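The file start.csv contains CSV, C-alpha atoms:
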chain,number,residue,atom,x,y,z
A,1,MET,CA,9.4,36.3,-22.3
A,2,ALA,CA,13.2,36.4,-21.6
A,3,ARG,CA,14.8,33.0,-21.9
A,4,SER,CA,17.9,32.0,-19.8
A,5,PRO,CA,20.8,31.0,-22.0
A,6,ALA,CA,20.7,27.3,-22.9
A,7,PRO,CA,22.9,25.1,-20.7
A,8,VAL,CA,26.0,23.5,-22.3
A,9,ARG,CA,24.9,20.1,-21.2
A,10,PRO,CA,21.5,19.0,-22.5
A,11,ALA,CA,18.9,18.0,-19.9
A,12,ILE,CA,19.0,14.4,-20.8
A,13,SER,CA,22.8,14.1,-20.1
A,14,ARG,CA,22.4,15.5,-16.6
A,15,VAL,CA,19.9,12.8,-15.5
A,16,ARG,CA,21.2,9.8,-17.5
A,17,PHE,CA,22.6,6.9,-15.4
A,18,LEU,CA,21.2,8.4,-12.1
A,19,GLY,CA,18.3,6.0,-12.1
A,20,SER,CA,14.6,6.8,-11.9
A,21,ALA,CA,13.5,9.8,-9.8
A,22,LYS,CA,10.2,8.2,-9.0
A,23,SER,CA,9.0,5.7,-6.4
A,24,GLY,CA,8.9,2.5,-8.6
A,25,THR,CA,11.7,0.7,-6.7
A,26,ALA,CA,9.9,1.1,-3.3
A,27,ASP,CA,6.6,-0.1,-4.9
A,28,ALA,CA,8.3,-3.1,-6.5
A,29,TRP,CA,9.9,-4.1,-3.2
A,30,ASN,CA,6.7,-3.5,-1.2
A,31,MET,CA,4.9,-5.8,-3.7
A,32,ARG,CA,7.5,-8.6,-3.0
A,33,ILE,CA,7.1,-8.1,0.8
A,34,SER,CA,3.3,-8.2,0.8
A,35,SER,CA,3.4,-11.3,-1.6
A,36,VAL,CA,5.5,-13.2,0.9
A,37,ALA,CA,3.2,-12.3,3.8
A,38,LEU,CA,0.1,-13.3,1.8
A,39,VAL,CA,1.3,-16.9,1.0
A,40,PRO,CA,0.6,-18.1,4.6
A,41,LEU,CA,-2.1,-15.6,5.3
A,42,SER,CA,-4.3,-16.4,2.3
A,43,ILE,CA,-4.0,-20.1,3.2
A,44,ALA,CA,-5.1,-19.2,6.8
A,45,PHE,CA,-8.0,-17.2,5.3
A,46,VAL,CA,-9.2,-20.2,3.2
A,47,ALA,CA,-8.9,-22.4,6.3
A,48,ILE,CA,-11.0,-19.9,8.4
A,49,VAL,CA,-13.7,-19.6,5.7
A,50,LEU,CA,-13.8,-23.5,5.5
A,51,SER,CA,-14.3,-23.6,9.3
A,52,LEU,CA,-17.4,-21.4,9.0
A,53,LEU,CA,-19.2,-23.8,6.7
A,54,GLY,CA,-22.4,-25.4,8.1
A,55,LYS,CA,-22.4,-23.2,11.2
A,56,ASP,CA,-25.3,-21.0,12.4
A,57,TYR,CA,-25.1,-17.2,12.9
A,58,ALA,CA,-24.0,-17.3,16.5
A,59,ALA,CA,-21.3,-19.9,15.8
A,60,VAL,CA,-20.0,-17.8,12.8
A,61,ARG,CA,-19.8,-14.7,15.0
A,62,ALA,CA,-18.0,-16.6,17.7
A,63,GLU,CA,-15.5,-18.2,15.3
A,64,LEU,CA,-14.7,-14.8,13.6
A,65,GLY,CA,-14.4,-13.1,16.9
A,66,HIS,CA,-12.0,-15.7,18.3
A,67,PRO,CA,-8.6,-13.9,18.9
A,68,LEU,CA,-6.6,-16.3,16.6
A,69,SER,CA,-8.9,-16.1,13.6
A,70,ALA,CA,-9.5,-12.3,14.2
A,71,ILE,CA,-5.7,-11.6,14.2
A,72,LEU,CA,-5.1,-13.8,11.2
A,73,MET,CA,-8.0,-12.1,9.3
A,74,LEU,CA,-6.7,-8.6,10.3
A,75,LEU,CA,-3.2,-9.5,9.0
A,76,PHE,CA,-4.7,-11.0,5.8
A,77,ILE,CA,-6.8,-7.8,5.2
A,78,LEU,CA,-4.0,-5.4,5.9
A,79,SER,CA,-1.4,-7.1,3.7
A,80,GLY,CA,-4.1,-7.9,1.1
A,81,VAL,CA,-5.3,-4.3,0.6
A,82,PHE,CA,-1.7,-3.1,0.6
A,83,HIS,CA,-0.8,-5.6,-2.1
A,84,MET,CA,-3.9,-5.0,-4.2
A,85,LYS,CA,-3.4,-1.2,-4.1
A,86,LEU,CA,0.1,-1.6,-5.6
A,87,GLY,CA,-1.1,-4.2,-8.1
A,88,MET,CA,-3.9,-2.1,-9.5
A,89,GLN,CA,-1.6,0.9,-9.5
A,90,SER,CA,0.8,-1.0,-11.9
A,91,ILE,CA,-2.2,-1.9,-14.1
A,92,ILE,CA,-3.2,1.8,-14.2
A,93,ASP,CA,0.4,2.8,-14.9
A,94,ASP,CA,0.6,0.3,-17.8
A,95,TYR,CA,-2.8,1.0,-19.5
A,96,VAL,CA,-4.0,4.5,-18.6
A,97,HIS,CA,-2.0,7.0,-20.6
A,98,ALA,CA,-4.1,10.1,-20.5
A,99,ALA,CA,-2.5,12.2,-17.7
A,100,GLN,CA,-5.7,13.5,-16.1
A,101,LEU,CA,-7.6,10.2,-16.3
A,102,LYS,CA,-4.6,8.4,-14.8
A,103,GLU,CA,-4.5,10.7,-11.8
A,104,TRP,CA,-8.2,10.1,-11.2
A,105,ALA,CA,-7.7,6.3,-11.6
A,106,LEU,CA,-4.8,6.3,-9.1
A,107,MET,CA,-6.8,8.3,-6.6
A,108,GLY,CA,-9.9,6.0,-7.1
A,109,ASN,CA,-7.6,3.0,-6.5
A,110,LEU,CA,-6.3,4.5,-3.2
A,111,PHE,CA,-9.8,5.4,-2.0
A,112,PHE,CA,-11.2,1.9,-2.9
A,113,SER,CA,-8.4,0.1,-1.2
A,114,VAL,CA,-8.5,2.2,2.0
A,115,CYS,CA,-12.3,1.9,2.2
A,116,ILE,CA,-12.3,-1.9,1.8
A,117,GLY,CA,-9.5,-2.2,4.3
A,118,LEU,CA,-11.1,0.0,6.9
A,119,ALA,CA,-14.6,-1.6,6.4
A,120,CYS,CA,-13.2,-5.1,6.9
A,121,ILE,CA,-11.0,-4.1,9.9
A,122,TYR,CA,-13.9,-2.3,11.6
A,123,ALA,CA,-16.2,-5.4,11.1
A,124,VAL,CA,-13.6,-7.8,12.5
A,125,LEU,CA,-12.8,-5.6,15.5
A,126,LYS,CA,-16.5,-5.2,16.2
A,127,LEU,CA,-17.0,-9.0,16.1
A,128,SER,CA,-14.1,-9.3,18.5
A,129,PHE,CA,-15.1,-6.7,21.1
A,130,THR,CA,-18.9,-6.9,21.2
B,1,MET,CA,12.4,18.5,-35.3
B,2,THR,CA,9.6,21.0,-34.5
B,3,GLU,CA,9.5,23.3,-31.5
B,4,ALA,CA,6.9,21.2,-29.6
B,5,GLU,CA,8.8,17.9,-30.1
B,6,SER,CA,12.1,19.3,-28.9
B,7,GLY,CA,10.7,20.4,-25.5
B,8,ALA,CA,10.4,18.3,-22.4
B,9,SER,CA,6.7,17.5,-23.1
B,10,GLY,CA,7.7,16.4,-26.6
B,11,ILE,CA,10.2,13.9,-25.3
B,12,GLU,CA,7.5,12.7,-22.9
B,13,LYS,CA,5.0,12.1,-25.7
B,14,ARG,CA,7.6,10.3,-27.9
B,15,ARG,CA,8.8,7.9,-25.2
B,16,PRO,CA,8.7,4.3,-26.5
B,17,LEU,CA,5.8,2.1,-25.5
B,18,SER,CA,6.0,-1.7,-25.5
B,19,PRO,CA,4.3,-3.3,-28.6
B,20,HIS,CA,0.7,-4.3,-28.3
B,21,LEU,CA,-0.2,-7.9,-27.4
B,22,GLN,CA,-1.7,-8.9,-30.8
B,23,ILE,CA,1.8,-8.7,-32.3
B,24,TYR,CA,3.0,-11.8,-30.4
B,25,ARG,CA,2.2,-15.4,-31.1
B,26,PRO,CA,0.2,-16.7,-28.0
B,27,MET,CA,2.5,-18.8,-25.8
B,28,LEU,CA,1.7,-20.4,-22.4
B,29,THR,CA,4.1,-18.2,-20.4
B,30,MET,CA,2.5,-15.1,-22.0
B,31,VAL,CA,-1.1,-16.3,-21.4
B,32,MET,CA,-0.1,-17.1,-17.8
B,33,SER,CA,1.2,-13.5,-17.4
B,34,ILE,CA,-2.1,-12.2,-18.6
B,35,ALA,CA,-4.0,-14.6,-16.3
B,36,HIS,CA,-1.9,-13.5,-13.3
B,37,ARG,CA,-3.0,-9.9,-14.0
B,38,VAL,CA,-6.7,-10.8,-14.7
B,39,THR,CA,-7.0,-12.9,-11.5
B,40,GLY,CA,-5.3,-10.1,-9.5
B,41,ALA,CA,-7.9,-7.6,-10.8
B,42,ALA,CA,-10.7,-10.1,-10.1
B,43,LEU,CA,-9.5,-10.6,-6.6
B,44,TYR,CA,-9.3,-6.8,-6.2
B,45,PHE,CA,-13.0,-6.4,-6.9
B,46,GLY,CA,-13.7,-9.7,-5.1
B,47,THR,CA,-12.7,-8.0,-1.8
B,48,LEU,CA,-16.1,-6.2,-2.0
B,49,LEU,CA,-17.7,-9.7,-1.3
B,50,LEU,CA,-15.4,-10.2,1.7
B,51,ALA,CA,-16.2,-6.7,3.0
B,52,TRP,CA,-20.0,-7.3,2.5
B,53,PHE,CA,-19.8,-10.6,4.3
B,54,LEU,CA,-17.8,-9.3,7.3
B,55,ILE,CA,-20.0,-6.2,7.6
B,56,ALA,CA,-23.2,-8.4,7.5
B,57,VAL,CA,-21.9,-10.7,10.2
B,58,SER,CA,-21.0,-7.8,12.4
B,59,THR,CA,-24.3,-6.1,11.7
B,60,GLY,CA,-26.8,-8.8,12.8
B,61,GLY,CA,-28.7,-11.9,12.1
B,62,GLY,CA,-30.9,-10.4,9.4
B,63,ALA,CA,-28.0,-9.0,7.3
B,64,TYR,CA,-26.2,-12.3,7.8
B,65,ASP,CA,-29.2,-14.3,6.5
B,66,ALA,CA,-29.3,-12.1,3.4
B,67,VAL,CA,-25.6,-12.6,2.6
B,68,ALA,CA,-25.8,-16.3,3.4
B,69,TYR,CA,-28.8,-16.7,1.1
B,70,CYS,CA,-27.0,-15.0,-1.8
B,71,LEU,CA,-23.7,-16.9,-1.4
B,72,ASN,CA,-25.6,-20.2,-1.1
B,73,SER,CA,-27.5,-19.6,-4.4
B,74,ILE,CA,-26.2,-21.2,-7.6
B,75,ALA,CA,-24.8,-17.8,-8.8
B,76,GLY,CA,-23.2,-17.2,-5.4
B,77,LYS,CA,-21.5,-20.6,-5.4
B,78,LEU,CA,-20.2,-20.0,-9.0
B,79,ILE,CA,-18.8,-16.7,-7.9
B,80,LEU,CA,-17.2,-18.2,-4.8
B,81,PHE,CA,-15.8,-21.0,-6.9
B,82,GLY,CA,-14.3,-18.5,-9.3
B,83,PHE,CA,-12.9,-16.5,-6.3
B,84,THR,CA,-11.3,-19.7,-5.0
B,85,TRP,CA,-9.7,-20.5,-8.3
B,86,ALA,CA,-8.5,-16.9,-8.8
B,87,LEU,CA,-6.9,-16.9,-5.3
B,88,PHE,CA,-5.0,-20.1,-5.8
B,89,HIS,CA,-4.0,-19.3,-9.4
B,90,HIS,CA,-2.7,-15.9,-8.3
B,91,LEU,CA,-1.0,-17.4,-5.2
B,92,LEU,CA,0.9,-20.0,-7.3
B,93,GLY,CA,1.7,-17.4,-10.0
B,94,GLY,CA,3.2,-15.2,-7.2
B,95,ILE,CA,5.3,-18.1,-6.0
B,96,ARG,CA,6.5,-18.6,-9.7
B,97,HIS,CA,7.4,-14.9,-9.8
B,98,ALA,CA,9.3,-15.3,-6.5
B,99,ILE,CA,11.3,-18.2,-8.0
B,100,TRP,CA,12.1,-16.1,-11.0
B,101,ASP,CA,13.2,-13.2,-8.7
B,102,THR,CA,16.0,-15.4,-7.4
B,103,GLY,CA,17.2,-15.9,-11.0
B,104,HIS,CA,16.1,-19.5,-11.2
B,105,GLY,CA,13.7,-21.2,-13.6
B,106,LEU,CA,13.9,-18.6,-16.4
B,107,GLU,CA,15.4,-21.0,-19.0
B,108,HIS,CA,13.2,-22.7,-21.6
B,109,PRO,CA,12.2,-26.1,-20.2
B,110,GLN,CA,11.9,-24.8,-16.6
B,111,ARG,CA,9.7,-21.8,-17.3
B,112,GLU,CA,7.3,-24.0,-19.4
B,113,TRP,CA,7.2,-26.5,-16.5
B,114,LEU,CA,6.5,-23.8,-14.0
B,115,ALA,CA,3.7,-22.4,-16.1
B,116,ARG,CA,2.1,-25.8,-16.4
B,117,ALA,CA,2.5,-26.5,-12.7
B,118,THR,CA,0.7,-23.1,-11.9
B,119,VAL,CA,-2.2,-24.0,-14.1
B,120,PHE,CA,-2.5,-27.5,-12.8
B,121,GLY,CA,-1.9,-26.6,-9.2
B,122,GLY,CA,-4.4,-23.8,-9.2
B,123,MET,CA,-7.1,-26.2,-10.4
B,124,VAL,CA,-6.2,-29.0,-8.1
B,125,LEU,CA,-6.2,-26.8,-5.0
B,126,THR,CA,-9.5,-25.3,-6.0
B,127,VAL,CA,-11.2,-28.7,-6.4
B,128,ALA,CA,-9.5,-29.9,-3.2
B,129,VAL,CA,-10.9,-27.0,-1.1
B,130,TRP,CA,-14.4,-27.5,-2.6
B,131,THR,CA,-14.2,-31.2,-2.0
B,132,ILE,CA,-13.4,-30.5,1.7
B,133,ALA,CA,-16.2,-27.9,1.8
B,134,TYR,CA,-18.8,-30.5,0.7
B,135,LEU,CA,-17.4,-33.4,2.7
B,136,VAL,CA,-16.9,-31.7,6.1
B,137,PRO,CA,-20.4,-30.5,7.0

Reformat the file's structure so that it appears as structure tokens.
Amino acid sequence: MARSPAPVRPAISRVRFLGSAKSGTADAWNMRISSVALVPLSIAFVAIVLSLLGKDYAAVRAELGHPLSAILMLLFILSGVFHMKLGMQSIIDDYVHAAQLKEWALMGNLFFSVCIGLACIYAVLKLSFT
Amino acid sequence: MTEAESGASGIEKRRPLSPHLQIYRPMLTMVMSIAHRVTGAALYFGTLLLAWFLIAVSTGGGAYDAVAYCLNSIAGKLILFGFTWALFHHLLGGIRHAIWDTGHGLEHPQREWLARATVFGGMVLTVAVWTIAYLVP
């Protein structure tokens, strides 16, 4: 196979000091944003769960279907799955080094987070509108 | 340098990795860093419990009775207690990281103090929530 002449500047010198070409900065910033959102939202989540204690089925349904608790639950779920997807992604990036296994793990992480998010959102909306 | 090592894939393979954990002497801040990750991963899989609960409530009385029975058992309560602790520990750990992000609290006495406050605060909030849970109904 014919090879093109070697460039005068080596590859490393052409990319050095330009920063990363990947999406790590956006991921790190999105992690910070979702963390801030989750501080009040996870406290609201704990308060909603506490308010369900000792209630029968009809009362639990009514409580979770109430607009205020439903909206807070939806916000908690949305920011929660967004945050946990990024968190598990950084765990996989740190510990899974085999290229192919890493791709599968990252894909599995995305699918799991989307499934959990969609299932919870569907359930809360169903409680609100039926 | 061999042919394989000089190519792009060779550089990729030879990139430095951080040393493994067992090299370091255990310290509180290091244990807290690991605990933050472990509680995060636990909460990740703990969302299955939340999804199960919400789906059961929206499905009907029979499904709700099943999930309520499981969560009211000793094992269910232990899992929920662990879930509560992981949530508060991770929440306070996140606040600690947010303080560090501003450039404050990184020096020696402050970072130790923040680590202790996270451990203590996580346990206090967990016990407080479970005390409320048993007192209110």

From the list A:Gln89, A:Ser51, A:Ser128, A:Ser35, which residue is nearest A:Met107 when using only C-alpha atoms?
A:Gln89

Could you state the separation of atom CA of A:Val39 and atom CA of A:Ile77 in Å, given to one decimal place?
12.9 Å

Contacts from chain B to chain A, 6 Å maximum, all atoms listed in the file: show me the residue list as a PyMOL selection string.
chain B and resi 51+54-55+58+137

re atom CA of B:Val119 and atom CA of B:Met32: distance 8.1 Å

Atomic separation - atom CA of B:His90 relative to atom CA of B:His36, Å
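About the pair atom CA of B:His36 and atom CA of B:His90: they are 5.6 Å apart.
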
Residue among A:Ala62, A:Val8, A:Ala37, A:Ala28 lying closest to B:Val57, counting all atoms listed in the file
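Residue with the minimum atom-to-atom distance to B:Val57: A:Ala62.
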
10 Å contact set for A:Ala105, only C-alpha atoms, chain neighbours under 6 positions out, as a ChimeraX atom specification
/A:88-89,92-93,96,99,111

8 Å contact set for B:His89, all atoms listed in the file, chain neighbours under 6 positions out, as an NGL selection string
:B and (36 or 39 or 118-119 or 121-123)

Find the residue from B:Leu49, B:Leu91, B:Met27, B:Ala117 that sits nearest to B:Gly76; use all atoms listed in the file when measuring.
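Ranked by minimum distance to B:Gly76, first place goes to B:Leu49.
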
Residues within 12 Å of B:Val127, all atoms listed in the file, excluding chain neighbours under 5 positions, as a list in words:
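Residues near the query, excluding close chain neighbours: Phe81, Gly82, Thr84, Trp85, Phe88, Phe120, Gly121, Gly122, Ile132, Ala133, Tyr134 and Leu135 of chain B.
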
Would you kindly return, as a short mmCIF file (atom, residue, chain, number, x, y, z; two decimals) with C-alpha atoms, in the frame of the given file, each protein, DNA or RNA residue with an atom no farther than 9 Å from any atom of A:Leu72, considering all atoms listed in the file and excluding same-chain residues fewer than 6 positions away?
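Now in selection-v4.cif:
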data_model
loop_
_atom_site.label_atom_id
_atom_site.label_comp_id
_atom_site.auth_asym_id
_atom_site.auth_seq_id
_atom_site.Cartn_x
_atom_site.Cartn_y
_atom_site.Cartn_z
CA LEU A 41 -2.10 -15.60 5.30
CA ALA A 44 -5.10 -19.20 6.80
CA PHE A 45 -8.00 -17.20 5.30
CA ILE A 48 -11.00 -19.90 8.40
#

Minimum-distance residue to A:Ile33, chosen among B:Phe53, B:Leu78, B:Ala98, B:Ala68 (using all atoms listed in the file)
B:Ala98

Once you've located stretch 87-124 of chain A in the structure I gave, write it as a PDB file, in the first residue's frame, keeping N, CA and C atoms.
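Generated output (part-v1.pdb):
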ATOM      1  N   GLY A  87     -23.436   9.959  35.703  1.00  0.00           N
ATOM      2  CA  GLY A  87     -22.621   9.389  36.779  1.00  0.00           C
ATOM      3  C   GLY A  87     -22.128   7.999  36.442  1.00  0.00           C
ATOM      4  N   MET A  88     -23.034   7.135  35.961  1.00  0.00           N
ATOM      5  CA  MET A  88     -22.637   5.775  35.604  1.00  0.00           C
ATOM      6  C   MET A  88     -21.691   5.808  34.406  1.00  0.00           C
ATOM      7  N   GLN A  89     -21.897   6.765  33.513  1.00  0.00           N
ATOM      8  CA  GLN A  89     -21.002   6.915  32.361  1.00  0.00           C
ATOM      9  C   GLN A  89     -19.561   7.190  32.813  1.00  0.00           C
ATOM     10  N   SER A  90     -19.408   8.027  33.841  1.00  0.00           N
ATOM     11  CA  SER A  90     -18.037   8.311  34.288  1.00  0.00           C
ATOM     12  C   SER A  90     -17.441   7.110  35.021  1.00  0.00           C
ATOM     13  N   ILE A  91     -18.293   6.313  35.695  1.00  0.00           N
ATOM     14  CA  ILE A  91     -17.793   5.080  36.329  1.00  0.00           C
ATOM     15  C   ILE A  91     -17.306   4.115  35.241  1.00  0.00           C
ATOM     16  N   ILE A  92     -18.099   3.963  34.174  1.00  0.00           N
ATOM     17  CA  ILE A  92     -17.708   3.065  33.070  1.00  0.00           C
ATOM     18  C   ILE A  92     -16.426   3.577  32.412  1.00  0.00           C
ATOM     19  N   ASP A  93     -16.369   4.889  32.154  1.00  0.00           N
ATOM     20  CA  ASP A  93     -15.165   5.469  31.543  1.00  0.00           C
ATOM     21  C   ASP A  93     -13.920   5.195  32.384  1.00  0.00           C
ATOM     22  N   ASP A  94     -14.100   5.219  33.720  1.00  0.00           N
ATOM     23  CA  ASP A  94     -12.953   5.030  34.609  1.00  0.00           C
ATOM     24  C   ASP A  94     -12.509   3.572  34.724  1.00  0.00           C
ATOM     25  N   TYR A  95     -13.449   2.650  34.721  1.00  0.00           N
ATOM     26  CA  TYR A  95     -13.099   1.266  35.081  1.00  0.00           C
ATOM     27  C   TYR A  95     -13.162   0.273  33.938  1.00  0.00           C
ATOM     28  N   VAL A  96     -13.917   0.563  32.875  1.00  0.00           N
ATOM     29  CA  VAL A  96     -14.028  -0.407  31.778  1.00  0.00           C
ATOM     30  C   VAL A  96     -13.088   0.029  30.659  1.00  0.00           C
ATOM     31  N   HIS A  97     -11.998  -0.710  30.486  1.00  0.00           N
ATOM     32  CA  HIS A  97     -10.983  -0.288  29.513  1.00  0.00           C
ATOM     33  C   HIS A  97     -11.089  -1.008  28.178  1.00  0.00           C
ATOM     34  N   ALA A  98     -11.658  -2.226  28.166  1.00  0.00           N
ATOM     35  CA  ALA A  98     -11.777  -2.970  26.903  1.00  0.00           C
ATOM     36  C   ALA A  98     -12.766  -2.229  26.002  1.00  0.00           C
ATOM     37  N   ALA A  99     -12.314  -1.852  24.798  1.00  0.00           N
ATOM     38  CA  ALA A  99     -13.079  -0.940  23.929  1.00  0.00           C
ATOM     39  C   ALA A  99     -14.499  -1.437  23.658  1.00  0.00           C
ATOM     40  N   GLN A 100     -14.621  -2.726  23.292  1.00  0.00           N
ATOM     41  CA  GLN A 100     -15.931  -3.233  22.892  1.00  0.00           C
ATOM     42  C   GLN A 100     -16.877  -3.334  24.095  1.00  0.00           C
ATOM     43  N   LEU A 101     -16.357  -3.857  25.199  1.00  0.00           N
ATOM     44  CA  LEU A 101     -17.164  -3.981  26.421  1.00  0.00           C
ATOM     45  C   LEU A 101     -17.630  -2.603  26.887  1.00  0.00           C
ATOM     46  N   LYS A 102     -16.742  -1.619  26.737  1.00  0.00           N
ATOM     47  CA  LYS A 102     -17.068  -0.249  27.146  1.00  0.00           C
ATOM     48  C   LYS A 102     -18.241   0.297  26.327  1.00  0.00           C
ATOM     49  N   GLU A 103     -18.224   0.056  25.004  1.00  0.00           N
ATOM     50  CA  GLU A 103     -19.328   0.520  24.160  1.00  0.00           C
ATOM     51  C   GLU A 103     -20.647  -0.123  24.579  1.00  0.00           C
ATOM     52  N   TRP A 104     -20.596  -1.425  24.856  1.00  0.00           N
ATOM     53  CA  TRP A 104     -21.808  -2.119  25.311  1.00  0.00           C
ATOM     54  C   TRP A 104     -22.280  -1.560  26.649  1.00  0.00           C
ATOM     55  N   ALA A 105     -21.340  -1.323  27.547  1.00  0.00           N
ATOM     56  CA  ALA A 105     -21.700  -0.815  28.882  1.00  0.00           C
ATOM     57  C   ALA A 105     -22.321   0.574  28.771  1.00  0.00           C
ATOM     58  N   LEU A 106     -21.740   1.431  27.919  1.00  0.00           N
ATOM     59  CA  LEU A 106     -22.281   2.789  27.747  1.00  0.00           C
ATOM     60  C   LEU A 106     -23.685   2.743  27.140  1.00  0.00           C
ATOM     61  N   MET A 107     -23.872   1.818  26.206  1.00  0.00           N
ATOM     62  CA  MET A 107     -25.187   1.667  25.582  1.00  0.00           C
ATOM     63  C   MET A 107     -26.197   1.142  26.598  1.00  0.00           C
ATOM     64  N   GLY A 108     -25.784   0.141  27.373  1.00  0.00           N
ATOM     65  CA  GLY A 108     -26.653  -0.413  28.408  1.00  0.00           C
ATOM     66  C   GLY A 108     -27.051   0.651  29.421  1.00  0.00           C
ATOM     67  N   ASN A 109     -26.091   1.512  29.787  1.00  0.00           N
ATOM     68  CA  ASN A 109     -26.348   2.608  30.728  1.00  0.00           C
ATOM     69  C   ASN A 109     -27.416   3.550  30.178  1.00  0.00           C
ATOM     70  N   LEU A 110     -27.286   3.905  28.903  1.00  0.00           N
ATOM     71  CA  LEU A 110     -28.267   4.797  28.274  1.00  0.00           C
ATOM     72  C   LEU A 110     -29.648   4.144  28.255  1.00  0.00           C
ATOM     73  N   PHE A 111     -29.715   2.870  27.843  1.00  0.00           N
ATOM     74  CA  PHE A 111     -31.001   2.177  27.756  1.00  0.00           C
ATOM     75  C   PHE A 111     -31.653   2.066  29.139  1.00  0.00           C
ATOM     76  N   PHE A 112     -30.853   1.694  30.148  1.00  0.00           N
ATOM     77  CA  PHE A 112     -31.397   1.551  31.502  1.00  0.00           C
ATOM     78  C   PHE A 112     -31.977   2.887  31.985  1.00  0.00           C
ATOM     79  N   SER A 113     -31.206   3.963  31.812  1.00  0.00           N
ATOM     80  CA  SER A 113     -31.650   5.274  32.300  1.00  0.00           C
ATOM     81  C   SER A 113     -32.914   5.741  31.579  1.00  0.00           C
ATOM     82  N   VAL A 114     -32.959   5.541  30.274  1.00  0.00           N
ATOM     83  CA  VAL A 114     -34.140   5.953  29.506  1.00  0.00           C
ATOM     84  C   VAL A 114     -35.361   5.123  29.914  1.00  0.00           C
ATOM     85  N   CYS A 115     -35.164   3.807  30.085  1.00  0.00           N
ATOM     86  CA  CYS A 115     -36.287   2.935  30.469  1.00  0.00           C
ATOM     87  C   CYS A 115     -36.844   3.330  31.830  1.00  0.00           C
ATOM     88  N   ILE A 116     -35.951   3.526  32.812  1.00  0.00           N
ATOM     89  CA  ILE A 116     -36.397   3.913  34.154  1.00  0.00           C
ATOM     90  C   ILE A 116     -37.145   5.248  34.083  1.00  0.00           C
ATOM     91  N   GLY A 117     -36.560   6.202  33.366  1.00  0.00           N
ATOM     92  CA  GLY A 117     -37.173   7.523  33.256  1.00  0.00           C
ATOM     93  C   GLY A 117     -38.547   7.454  32.622  1.00  0.00           C
ATOM     94  N   LEU A 118     -38.636   6.752  31.516  1.00  0.00           N
ATOM     95  CA  LEU A 118     -39.910   6.669  30.795  1.00  0.00           C
ATOM     96  C   LEU A 118     -40.961   5.934  31.630  1.00  0.00           C
ATOM     97  N   ALA A 119     -40.566   4.833  32.277  1.00  0.00           N
ATOM     98  CA  ALA A 119     -41.520   4.058  33.091  1.00  0.00           C
ATOM     99  C   ALA A 119     -42.081   4.908  34.227  1.00  0.00           C
ATOM    100  N   CYS A 120     -41.188   5.631  34.924  1.00  0.00           N
ATOM    101  CA  CYS A 120     -41.639   6.455  36.059  1.00  0.00           C
ATOM    102  C   CYS A 120     -42.531   7.598  35.578  1.00  0.00           C
ATOM    103  N   ILE A 121     -42.139   8.242  34.483  1.00  0.00           N
ATOM    104  CA  ILE A 121     -42.925   9.366  33.971  1.00  0.00           C
ATOM    105  C   ILE A 121     -44.308   8.890  33.514  1.00  0.00           C
ATOM    106  N   TYR A 122     -44.325   7.752  32.807  1.00  0.00           N
ATOM    107  CA  TYR A 122     -45.607   7.192  32.353  1.00  0.00           C
ATOM    108  C   TYR A 122     -46.525   6.920  33.548  1.00  0.00           C
ATOM    109  N   ALA A 123     -45.957   6.293  34.590  1.00  0.00           N
ATOM    110  CA  ALA A 123     -46.766   5.940  35.766  1.00  0.00           C
ATOM    111  C   ALA A 123     -47.312   7.187  36.456  1.00  0.00           C
ATOM    112  N   VAL A 124     -46.481   8.216  36.619  1.00  0.00           N
ATOM    113  CA  VAL A 124     -46.943   9.438  37.298  1.00  0.00           C
ATOM    114  C   VAL A 124     -48.017  10.132  36.458  1.00  0.00           C
TER     115      VAL A 124
END
